[in-house]
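So this one's protein15.txt, compact mmCIF, C-alpha atoms and all ligand atoms:
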# COMPACT_ATOMS: atom_id res chain seq x y z
CA MET A 25 0.00 0.00 0.00
CA PHE A 26 1.43 3.36 -1.03
CA SER A 27 -0.77 6.06 0.46
CA THR A 28 -0.75 9.84 0.72
CA GLU A 29 -1.97 12.29 3.38
CA GLY A 30 -2.02 9.46 5.88
CA PHE A 31 -4.57 7.05 4.46
CA SER A 32 -6.99 9.82 3.54
CA SER A 33 -6.12 10.62 -0.07
CA ASN A 34 -4.97 8.95 -3.29
CA TYR A 35 -3.21 5.61 -3.03
CA SER A 36 -1.92 2.72 -5.06
CA LEU A 37 -1.42 -0.95 -4.30
CA LEU A 38 1.84 -2.40 -5.59
CA TYR A 39 2.20 -6.18 -5.76
CA HIS A 40 5.82 -6.89 -4.83
CA THR A 41 7.67 -10.18 -5.25
CA HIS A 42 9.56 -9.53 -2.00
CA GLU A 43 9.01 -7.34 1.05
CA PRO A 44 9.92 -3.68 0.30
CA THR A 45 11.36 -3.34 3.82
CA ARG A 46 14.62 -5.33 3.66
CA ILE A 47 17.26 -2.71 4.50
CA ILE A 48 20.78 -4.15 4.60
CA ARG A 49 22.71 -0.95 5.30
CA ALA A 50 22.21 2.77 5.91
CA GLU A 51 24.63 5.68 6.15
CA GLU A 52 24.43 9.22 7.48
CA PRO A 53 22.67 11.69 5.17
CA ILE A 54 24.20 14.61 3.34
CA ASP A 55 22.59 18.04 3.49
CA LEU A 56 21.20 19.36 0.19
CA SER A 57 19.11 22.16 1.74
CA PRO A 58 19.19 25.36 -0.29
CA VAL A 59 20.78 28.39 1.35
CA ALA A 60 19.72 31.96 0.55
CA ALA A 61 22.62 33.88 -0.98
CA THR A 62 21.02 37.28 -0.47
CA SER A 63 18.22 38.83 1.56
CA ASN A 64 17.28 41.15 -1.34
CA ILE A 65 13.93 39.83 -2.58
CA LEU A 66 12.77 43.03 -4.27
CA LYS A 67 14.83 43.00 -7.43
CA HIS A 68 13.99 41.87 -10.95
CA ARG A 69 16.29 38.99 -11.77
CA CYS A 70 17.46 37.31 -14.93
CA LEU A 71 19.26 33.98 -14.75
CA LYS A 72 21.03 32.47 -17.74
CA GLY A 73 19.89 28.91 -17.21
CA PHE A 74 22.03 27.35 -19.93
CA ASN A 75 25.13 28.62 -18.08
CA VAL A 76 24.52 25.87 -15.53
CA GLN A 77 27.40 23.49 -16.15
CA PRO A 78 26.69 19.90 -17.23
CA GLU A 79 27.48 17.24 -14.64
CA ALA A 80 27.98 13.54 -15.08
CA GLU A 81 25.48 12.31 -12.54
CA TYR A 82 21.77 13.17 -12.36
CA LEU A 83 21.52 13.95 -8.63
CA LYS A 84 24.70 16.06 -8.60
CA SER A 85 23.55 17.93 -11.70
CA ARG A 86 20.46 19.31 -9.96
CA LYS A 87 21.11 22.92 -8.92
CA ILE A 88 18.43 24.61 -6.84
CA VAL A 89 18.20 28.25 -7.97
CA LEU A 90 15.00 29.59 -6.36
CA PHE A 91 13.15 28.37 -3.29
CA ASN A 92 10.66 29.06 -0.54
CA ASN A 93 8.74 26.84 1.87
CA ASP A 94 6.30 25.69 -0.84
CA VAL A 95 8.46 25.08 -3.87
CA GLN A 96 12.01 24.74 -5.18
CA VAL A 97 13.03 25.58 -8.73
CA THR A 98 15.99 23.58 -9.98
CA LEU A 99 18.04 23.58 -13.19
CA ALA A 100 19.94 20.53 -14.33
CA ALA A 101 22.19 19.57 -17.23
CA PRO A 102 22.91 15.90 -16.53
CA THR A 103 25.12 14.09 -19.01
CA ALA A 104 23.95 10.77 -17.55
CA GLY A 105 21.31 9.37 -15.23
CA LEU A 106 21.90 7.41 -12.05
CA PRO A 107 24.62 4.76 -11.64
CA GLU A 108 23.67 1.09 -11.96
CA ASN A 109 21.63 -0.27 -9.05
CA THR A 110 21.09 3.26 -7.74
CA PHE A 111 17.64 4.78 -7.37
CA TYR A 112 16.20 8.05 -6.14
CA LYS A 113 13.17 8.81 -4.02
CA ASN A 114 12.05 12.31 -3.12
CA ALA A 115 10.13 11.71 0.09
CA ASP A 116 9.46 15.45 0.54
CA ALA A 117 8.12 16.76 -2.72
CA ASP A 118 6.24 15.95 -5.89
CA GLU A 119 8.62 16.60 -8.78
CA VAL A 120 7.77 18.04 -12.17
CA LEU A 121 10.65 17.42 -14.56
CA PHE A 122 10.22 19.66 -17.58
CA ILE A 123 12.31 18.27 -20.43
CA HIS A 124 13.80 21.16 -22.38
CA GLU A 125 16.48 19.16 -24.17
CA GLY A 126 17.16 15.45 -24.33
CA THR A 127 15.27 12.18 -24.49
CA GLY A 128 15.24 9.18 -22.23
CA VAL A 129 13.18 7.03 -19.93
CA LEU A 130 11.99 7.42 -16.36
CA LYS A 131 11.96 3.92 -14.87
CA THR A 132 9.68 3.35 -11.89
CA GLN A 133 7.93 0.62 -9.93
CA TYR A 134 4.85 1.43 -12.01
CA GLY A 135 6.54 0.94 -15.39
CA GLN A 136 8.42 3.13 -17.81
CA LEU A 137 7.80 6.67 -18.99
CA PRO A 138 9.71 7.54 -22.18
CA PHE A 139 10.18 11.32 -22.33
CA SER A 140 11.23 13.90 -24.89
CA TYR A 141 11.24 17.64 -25.59
CA GLY A 142 8.37 19.49 -23.98
CA ASP A 143 7.28 16.80 -21.54
CA TYR A 144 6.20 17.55 -18.00
CA VAL A 145 7.16 14.35 -16.16
CA VAL A 146 5.07 14.44 -12.98
CA VAL A 147 6.52 12.26 -10.21
CA PRO A 148 4.49 12.05 -6.98
CA ARG A 149 6.54 12.24 -3.80
CA GLY A 150 7.75 8.84 -2.67
CA THR A 151 8.03 7.37 -6.16
CA ILE A 152 11.26 5.38 -6.47
CA TYR A 153 12.82 6.06 -9.85
CA GLN A 154 15.79 5.71 -12.12
CA ILE A 155 16.34 8.09 -15.00
CA CYS A 156 18.18 7.21 -18.20
CA PHE A 157 19.15 9.59 -20.98
CA ASP A 158 19.81 8.67 -24.61
CA THR A 159 22.61 11.24 -25.09
CA PRO A 160 24.74 13.50 -22.83
CA ASP A 161 22.89 16.63 -24.02
CA ASN A 162 20.10 17.22 -21.55
CA ARG A 163 18.50 20.31 -20.04
CA LEU A 164 15.86 20.01 -17.33
CA PHE A 165 13.77 22.59 -15.51
CA ILE A 166 12.60 20.95 -12.30
CA VAL A 167 9.88 22.07 -9.92
CA GLU A 168 9.79 20.41 -6.50
CA SER A 169 6.45 20.90 -4.77
CA PHE A 170 5.95 20.32 -1.05
CA SER A 171 2.24 19.77 -1.70
CA PRO A 172 0.53 17.54 -4.28
CA ILE A 173 0.69 18.65 -7.91
CA THR A 174 -2.87 18.58 -9.24
CA PHE A 175 -4.91 19.94 -12.10
CA PRO A 176 -6.72 23.22 -11.35
CA LYS A 177 -10.01 22.58 -9.52
CA ARG A 178 -12.02 24.71 -11.96
CA TYR A 179 -11.20 22.25 -14.74
CA LEU A 180 -12.35 19.19 -12.76
CA SER A 181 -15.87 17.85 -12.41
CA LYS A 182 -17.07 17.21 -8.86
CA TYR A 183 -16.02 13.57 -9.43
CA GLY A 184 -12.58 14.45 -10.75
CA GLN A 185 -12.91 14.25 -14.54
CA LEU A 186 -11.23 16.96 -16.62
CA LEU A 187 -14.01 19.11 -18.05
CA GLU A 188 -14.41 20.08 -21.70
CA HIS A 189 -13.07 23.61 -21.21
CA SER A 190 -9.83 22.33 -19.66
CA PRO A 191 -6.75 23.00 -21.82
CA VAL A 192 -5.70 19.38 -21.24
CA CYS A 193 -7.79 16.22 -21.19
CA GLU A 194 -7.40 12.59 -20.13
CA ARG A 195 -6.20 11.58 -23.58
CA ASP A 196 -3.12 13.78 -23.06
CA ILE A 197 -2.02 11.92 -19.92
CA ARG A 198 0.62 9.29 -20.64
CA LYS A 199 0.75 6.56 -18.01
CA PRO A 200 3.67 4.25 -17.15
CA GLN A 201 4.00 1.39 -19.64
CA ASP A 202 5.99 -1.83 -20.22
CA LEU A 203 6.26 -2.86 -16.56
CA GLU A 204 9.38 -4.97 -16.07
CA THR A 205 9.74 -7.09 -12.93
CA PHE A 206 13.23 -7.56 -11.50
CA ASP A 207 13.29 -10.53 -9.11
CA ILE A 208 16.93 -9.97 -8.15
CA SER A 209 18.72 -10.07 -4.78
CA GLY A 210 21.85 -8.04 -4.06
CA SER A 211 22.60 -4.50 -2.94
CA PHE A 212 20.39 -1.71 -4.23
CA LEU A 213 21.00 1.86 -3.16
CA ILE A 214 17.99 4.15 -2.79
CA GLN A 215 18.93 7.79 -2.24
CA VAL A 216 16.02 9.12 -0.19
CA LYS A 217 15.50 12.85 0.12
CA LYS A 218 13.75 13.92 3.31
CA LYS A 219 13.65 17.43 4.82
CA GLY A 220 16.46 18.55 2.55
CA LEU A 221 18.79 15.68 3.50
CA LEU A 222 19.77 12.85 1.17
CA TYR A 223 19.84 9.48 2.96
CA PRO A 224 21.69 6.56 1.35
CA ILE A 225 19.80 3.35 2.18
CA TRP A 226 20.70 -0.04 0.71
CA TYR A 227 18.08 -2.74 0.19
CA GLY A 228 18.54 -6.46 -0.37
CA ASN A 229 16.11 -6.67 -3.28
CA HIS A 230 15.66 -4.73 -6.47
CA PRO A 231 12.92 -2.15 -5.76
CA PHE A 232 11.30 -2.83 -9.15
CA ASP A 233 10.12 -6.32 -8.17
CA VAL A 234 6.50 -5.30 -8.70
CA VAL A 235 4.38 -7.63 -10.86
CA GLY A 236 1.43 -5.26 -11.09
CA TRP A 237 -0.30 -2.32 -9.45
CA ASP A 238 -3.58 -0.47 -9.31
CA GLY A 239 -4.70 2.83 -7.86
CA CYS A 240 -4.63 6.57 -8.42
CA GLU A 241 -1.14 7.52 -7.25
CA TYR A 242 1.39 7.11 -10.05
CA PRO A 243 3.80 9.12 -12.20
CA TYR A 244 2.65 10.36 -15.59
CA ILE A 245 3.63 12.65 -18.45
CA LEU A 246 1.81 15.59 -19.95
CA SER A 247 3.41 17.30 -22.96
CA ILE A 248 3.38 21.08 -23.12
CA HIS A 249 2.68 20.57 -26.85
CA ASP A 250 -0.70 19.02 -25.93
CA PHE A 251 -1.76 22.09 -23.92
CA GLU A 252 -4.56 23.75 -25.92
CA PRO A 253 -4.34 27.51 -25.45
CA ILE A 254 -7.39 29.56 -24.51
CA THR A 255 -7.57 32.71 -26.63
CA GLY A 256 -10.05 35.56 -26.92
CA ARG A 257 -11.16 38.69 -28.75
CA VAL A 258 -9.54 40.72 -25.97
CA HIS A 259 -6.61 39.97 -23.70
CA GLN A 260 -6.98 36.82 -21.61
CA PRO A 261 -5.42 36.98 -18.13
CA PRO A 262 -2.53 34.71 -17.11
CA PRO A 263 -4.73 32.10 -15.32
CA VAL A 264 -5.81 30.79 -18.78
CA HIS A 265 -2.27 29.43 -19.07
CA GLN A 266 -2.47 27.50 -15.79
CA THR A 267 -1.56 23.84 -16.20
CA PHE A 268 -0.96 22.58 -12.66
CA ASP A 269 -2.04 23.65 -9.21
CA ALA A 270 -0.31 23.23 -5.85
CA HIS A 271 -0.45 24.82 -2.42
CA ASN A 272 0.72 28.46 -2.71
CA PHE A 273 1.94 28.27 -6.31
CA VAL A 274 0.87 27.40 -9.85
CA ILE A 275 2.59 26.16 -13.01
CA CYS A 276 1.51 27.68 -16.33
CA SER A 277 2.30 26.93 -19.99
CA PHE A 278 2.73 29.64 -22.61
CA VAL A 279 2.32 27.93 -25.96
CA PRO A 280 2.04 28.96 -29.64
CA ARG A 281 -1.35 30.61 -30.07
CA LEU A 282 -3.40 33.19 -31.94
CA TYR A 283 -3.34 36.67 -30.49
CA ASP A 284 -6.42 38.63 -29.37
CA TYR A 285 -8.58 39.18 -32.46
CA HIS A 286 -10.45 42.40 -31.61
CA PRO A 287 -9.56 44.82 -34.48
CA GLN A 288 -8.01 47.24 -31.99
CA ALA A 289 -6.35 44.63 -29.76
CA ILE A 290 -2.85 45.25 -28.43
CA PRO A 291 -1.35 41.75 -28.26
CA ALA A 292 1.48 42.66 -25.85
CA PRO A 293 0.50 42.34 -22.20
CA TYR A 294 -0.14 45.30 -19.90
CA ASN A 295 2.28 46.55 -17.29
CA HIS A 296 1.28 44.75 -14.17
CA SER A 297 1.85 44.63 -10.46
CA ASN A 298 0.65 41.25 -9.31
CA ILE A 299 1.12 42.27 -5.72
CA ASP A 300 0.75 38.81 -4.16
CA SER A 301 2.77 36.77 -6.57
CA ASP A 302 6.40 36.30 -7.54
CA GLU A 303 6.52 35.45 -11.26
CA VAL A 304 9.13 33.05 -12.59
CA LEU A 305 9.26 32.61 -16.35
CA TYR A 306 11.41 29.92 -17.95
CA TYR A 307 11.94 30.60 -21.64
CA VAL A 308 11.86 27.42 -23.69
CA ASP A 309 11.66 28.29 -27.38
CA GLY A 310 10.26 30.63 -30.00
CA ASP A 311 10.05 34.38 -30.15
CA PHE A 312 9.09 36.24 -26.98
CA MET A 313 7.00 39.15 -28.07
CA SER A 314 7.11 41.22 -24.87
CA ARG A 315 10.82 40.74 -24.07
CA LYS A 316 14.11 41.76 -25.62
CA HIS A 317 17.39 39.82 -25.41
CA VAL A 318 15.73 36.55 -24.55
CA GLU A 319 17.77 33.36 -24.68
CA ARG A 320 16.62 29.76 -24.45
CA GLY A 321 16.88 28.47 -20.91
CA MET A 322 16.68 31.93 -19.40
CA ILE A 323 14.74 32.53 -16.20
CA THR A 324 13.25 35.86 -15.23
CA LEU A 325 11.99 36.52 -11.74
CA HIS A 326 9.64 39.47 -11.30
CA PRO A 327 8.94 39.76 -7.59
CA ALA A 328 5.68 40.76 -5.98
CA GLY A 329 5.81 44.36 -4.85
CA ILE A 330 7.16 46.14 -7.94
CA PRO A 331 5.54 46.33 -11.38
CA HIS A 332 6.92 44.88 -14.60
CA GLY A 333 5.75 44.71 -18.18
CA PRO A 334 6.72 44.67 -21.84
CA HIS A 335 10.13 45.95 -22.83
CA PRO A 336 10.33 49.33 -24.64
CA GLY A 337 9.15 49.11 -28.24
CA THR A 338 7.56 45.68 -27.91
CA VAL A 339 4.02 47.03 -27.42
CA GLU A 340 4.15 48.96 -30.71
CA LYS A 341 5.80 46.05 -32.45
CA SER A 342 3.03 43.70 -31.36
CA ILE A 343 0.24 45.69 -33.07
CA GLY A 344 -1.17 43.76 -36.01
CA ALA A 345 0.62 40.54 -35.08
CA LYS A 346 -1.66 37.54 -35.51
CA GLU A 347 0.08 34.79 -33.58
CA THR A 348 3.01 33.90 -31.37
CA LYS A 349 5.30 30.88 -31.48
CA GLU A 350 6.51 31.36 -27.92
CA LEU A 351 6.97 28.43 -25.57
CA ALA A 352 7.58 29.05 -21.89
CA VAL A 353 6.87 27.64 -18.46
CA MET A 354 5.78 29.94 -15.66
CA VAL A 355 5.85 29.32 -11.92
CA ASP A 356 3.92 31.89 -9.88
CA THR A 357 4.43 31.68 -6.14
CA PHE A 358 2.31 33.34 -3.46
CA HIS A 359 5.27 33.79 -1.12
CA PRO A 360 8.62 35.38 -2.03
CA LEU A 361 11.36 33.27 -3.54
CA LYS A 362 14.97 33.34 -2.41
CA LEU A 363 18.05 32.93 -4.60
CA THR A 364 20.86 30.43 -4.01
CA MET A 365 24.56 30.90 -4.81
CA ASP A 366 24.01 28.77 -7.92
CA ALA A 367 21.46 31.36 -9.07
CA MET A 368 23.73 34.31 -8.31
CA GLY A 369 26.46 32.63 -10.37
CA ILE A 370 24.36 32.76 -13.55
CA GLU A 371 22.64 36.11 -12.93
CA ASP A 372 22.65 38.95 -15.47
CA ASP A 373 22.79 41.86 -13.00
CA GLN A 374 22.10 44.48 -15.68
CA TYR A 375 18.57 43.15 -16.08
CA ILE A 376 16.96 45.65 -13.70
CA LYS A 377 17.76 48.43 -16.18
CA SER A 378 16.35 46.59 -19.20
CA TRP A 379 13.18 48.74 -19.28
CA LEU A 380 15.11 51.99 -19.69
FE FE A 401 4.22 39.10 -15.49
Produce structure tokens that represent the structure in this file.
Amino acid sequence: MFSTEGFSSNYSLLYHTHEPTRIIRAEEPIDLSPVAATSNILKHRCLKGFNVQPEAEYLKSRKIVLFNNDVQVTLAAPTAGLPENTFYKNADADEVLFIHEGTGVLKTQYGQLPFSYGDYVVVPRGTIYQICFDTPDNRLFIVESFSPITFPKRYLSKYGQLLEHSPVCERDIRKPQDLETFDISGSFLIQVKKKGLLYPIWYGNHPFDVVGWDGCEYPYILSIHDFEPITGRVHQPPPVHQTFDAHNFVICSFVPRLYDYHPQAIPAPYNHSNIDSDEVLYYVDGDFMSRKHVERGMITLHPAGIPHGPHPGTVEKSIGAKETKELAVMVDTFHPLKLTMDAMGIEDDQYIKSWL
């Protein structure tokens, strides 16, 4: 039985060949907790995400750049997955692995999830996984959520089905497939993350000794390319882009779409002061109409408390434009985010003057 929120929420039953409890060794944990590199939270930030250096091993490659008590935003450029007979379990947080570059497979007790460009790989907390990449060229944008990642309530029926006006539907959800059962004894290391510490725990049986499972708690993939944009005659507010919901933050998808089609519409967004929300935008691909000097893999952070908006000239340039090819992921948090040293190391500190 794998259950969440005690035994009061979603669960799955996994039918193991052996007991999942057979620990043969455990060592002291190492501390991976993010540390704030500055107390200045009222500054527009720009991080050059592709300046994060590639690292050979998946767990070491993960660099937390922004964090608060609800969410951690991580960049990673792993050249390889996890070593043989090594597994990872985030016991703290649901993980959303957004695949910017690279292809591979997430291997879990529930089966395999092949991933590629544009996939949101949603991994509920507690899922034991291995990750394998096809080539060394991988770029991931990872969101760790300390509350369950769900679909927005307004898109769900009272019984949980995605409604017709939802930008995603059940057909877009890719479930684990090709379950392989490993009835092998030996030494299997599970790196378990709990309260920011990484605990190495060795088990006597392969954790993927499951012959079958059923239930509602399992990893899945949703592609950003399957997100159907909501457009209108006049400007639609940012919540139309919302893809996932969590406690005190949301994840949104900005995808290629038609612009507002009122004859006098101004496609560029308004200047805005979203006073209760830090806005993190991760630029994936395409042309970003409201921004200048945008690079792939760039992150902007526009904190709650000071306004931001289109760069000079972009409003005029947007008039008459019919569509955008932009692709971006947004994380809006309801409490301020802090920056780590890894974030400061890739910051463009001239960004605050980019509206001049
Ligand atoms: Fe904004």
| task | Could you give me, as number ranges by chain, the residues within 10 Å of Tyr242 of chain A, counting only C-alpha atoms and dropping anything in the same chain fewer than 5 positions from it? | result | A: 26, 34-36, 132-135, 146-151, 199-200, 237
Selection to disk with C-alpha atoms, as a PDB file, keeping the file's coordinate frame:
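Result file result28.pdb:
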ATOM      1  CA  PHE A  26       1.430   3.360  -1.030  1.00  0.00           C
ATOM      2  CA  ASN A  34      -4.970   8.950  -3.290  1.00  0.00           C
ATOM      3  CA  TYR A  35      -3.210   5.610  -3.030  1.00  0.00           C
ATOM      4  CA  SER A  36      -1.920   2.720  -5.060  1.00  0.00           C
ATOM      5  CA  THR A 132       9.680   3.350 -11.890  1.00  0.00           C
ATOM      6  CA  GLN A 133       7.930   0.620  -9.930  1.00  0.00           C
ATOM      7  CA  TYR A 134       4.850   1.430 -12.010  1.00  0.00           C
ATOM      8  CA  GLY A 135       6.540   0.940 -15.390  1.00  0.00           C
ATOM      9  CA  VAL A 146       5.070  14.440 -12.980  1.00  0.00           C
ATOM     10  CA  VAL A 147       6.520  12.260 -10.210  1.00  0.00           C
ATOM     11  CA  PRO A 148       4.490  12.050  -6.980  1.00  0.00           C
ATOM     12  CA  ARG A 149       6.540  12.240  -3.800  1.00  0.00           C
ATOM     13  CA  GLY A 150       7.750   8.840  -2.670  1.00  0.00           C
ATOM     14  CA  THR A 151       8.030   7.370  -6.160  1.00  0.00           C
ATOM     15  CA  LYS A 199       0.750   6.560 -18.010  1.00  0.00           C
ATOM     16  CA  PRO A 200       3.670   4.250 -17.150  1.00  0.00           C
ATOM     17  CA  TRP A 237      -0.300  -2.320  -9.450  1.00  0.00           C
TER      18      TRP A 237
END
| task | Fewer than 5 positions away in the same chain doesn't count, so skip those; otherwise give me all residues within 8 Å of segment 116-126 of chain A, counting only C-alpha atoms, as an MDAnalysis selection string. | result | chainID A and resid 139:150 157:173 217:220 308
| said: So the first atom is atom CA of Ser190 of chain A and the second is atom CA of Ile275 of chain A; what is the distance between them in Å, to one decimal place? | reply: 14.6 Å
Leu213 of chain A surroundings by only C-alpha atoms, 6 Å radius, close-in-sequence under 5 positions cut, as a compact mmCIF listing (two decimals) with C-alpha atoms, in the coordinates of the input:
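Writing done, so here's part26.txt:
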# COMPACT_ATOMS: atom_id res chain seq x y z
CA THR A 110 21.09 3.26 -7.74
CA ILE A 225 19.80 3.35 2.18
CA TRP A 226 20.70 -0.04 0.71
| said: Can you pull out every residue with an atom within 8 Å of ligand FE 401 (chain A)? Use only C-alpha atoms and all ligand atoms and format it as a list in words. | reply: Asn295, His296, Ser297, Asn298, Glu303, His326, His332 and Gly333 of chain A
| query | Counting only C-alpha atoms, what is within 10 Å of Val234 of chain A, bar same-chain residues fewer than 6 positions away, as JSON, numbers by chain? | reply | {"A": [38, 39, 40, 41, 42, 44, 132, 133, 134, 135, 203, 204, 205, 206, 207]}
| atom CA of Ile254 of chain A to atom CA of His286 of chain A, straight-line distance in Å |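 For atom CA of His286 of chain A relative to atom CA of Ile254 of chain A, the distance reads 15.0 Å.
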| request: Using all atoms listed in the file, pick whichever of A:Thr255, A:Gln96, A:Ser378, A:Gln185 has the shortest atom-to-atom distance to Cys70 of chain A. | output: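 When distances to Cys70 of chain A are compared using all atoms listed in the file, the smallest one comes from A:Ser378.
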Please, what is the axis-aligned box for every listed atom of segment 240-244 of chain A with 6 Å on each side, as centre and edge lengths in Å to one decimal, as JSON?
{"center_x": -0.4, "center_y": 8.5, "center_z": -11.4, "size_x": 20.4, "size_y": 15.8, "size_z": 20.3}
| field | Who sits within 12 Å of Asn92 of chain A, only C-alpha atoms, same chain under 3 positions skipped, as a list in words | value |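 The contact residues come out as Ser57, Pro58, Val59, Ala60, Ile65, Ile88, Val89, Val95, Gln96, Val97, Val167, Glu168, Ser169, Phe170, Asn272, Phe273, Asp302, Asp356, Thr357, Phe358, His359, Pro360, Leu361, Lys362, Leu363 and Thr364 of chain A.
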Got time to write the residues from that selection, C-alpha atoms, as a compact mmCIF listing (two decimals), in the coordinates of the input?
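Below you can see out.txt, which holds the result:
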# COMPACT_ATOMS: atom_id res chain seq x y z
CA SER A 57 19.11 22.16 1.74
CA PRO A 58 19.19 25.36 -0.29
CA VAL A 59 20.78 28.39 1.35
CA ALA A 60 19.72 31.96 0.55
CA ILE A 65 13.93 39.83 -2.58
CA ILE A 88 18.43 24.61 -6.84
CA VAL A 89 18.20 28.25 -7.97
CA VAL A 95 8.46 25.08 -3.87
CA GLN A 96 12.01 24.74 -5.18
CA VAL A 97 13.03 25.58 -8.73
CA VAL A 167 9.88 22.07 -9.92
CA GLU A 168 9.79 20.41 -6.50
CA SER A 169 6.45 20.90 -4.77
CA PHE A 170 5.95 20.32 -1.05
CA ASN A 272 0.72 28.46 -2.71
CA PHE A 273 1.94 28.27 -6.31
CA ASP A 302 6.40 36.30 -7.54
CA ASP A 356 3.92 31.89 -9.88
CA THR A 357 4.43 31.68 -6.14
CA PHE A 358 2.31 33.34 -3.46
CA HIS A 359 5.27 33.79 -1.12
CA PRO A 360 8.62 35.38 -2.03
CA LEU A 361 11.36 33.27 -3.54
CA LYS A 362 14.97 33.34 -2.41
CA LEU A 363 18.05 32.93 -4.60
CA THR A 364 20.86 30.43 -4.01
| task | Give me, please, the distance in Å between atom CA of Arg257 of chain A and atom CA of Asp284 of chain A, quoted to one decimal. | result |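 Interatomic distance here is 4.8 Å.
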| request: Counting all atoms listed in the file, figure out which residue out of A:Asp269, A:Glu371, A:Glu319, A:Asp233 gets nearest to Asp94 of chain A. | output: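 Going through A:Asp269, A:Glu371, A:Glu319, A:Asp233 one by one, the smallest distance to Asp94 of chain A is for A:Asp269.
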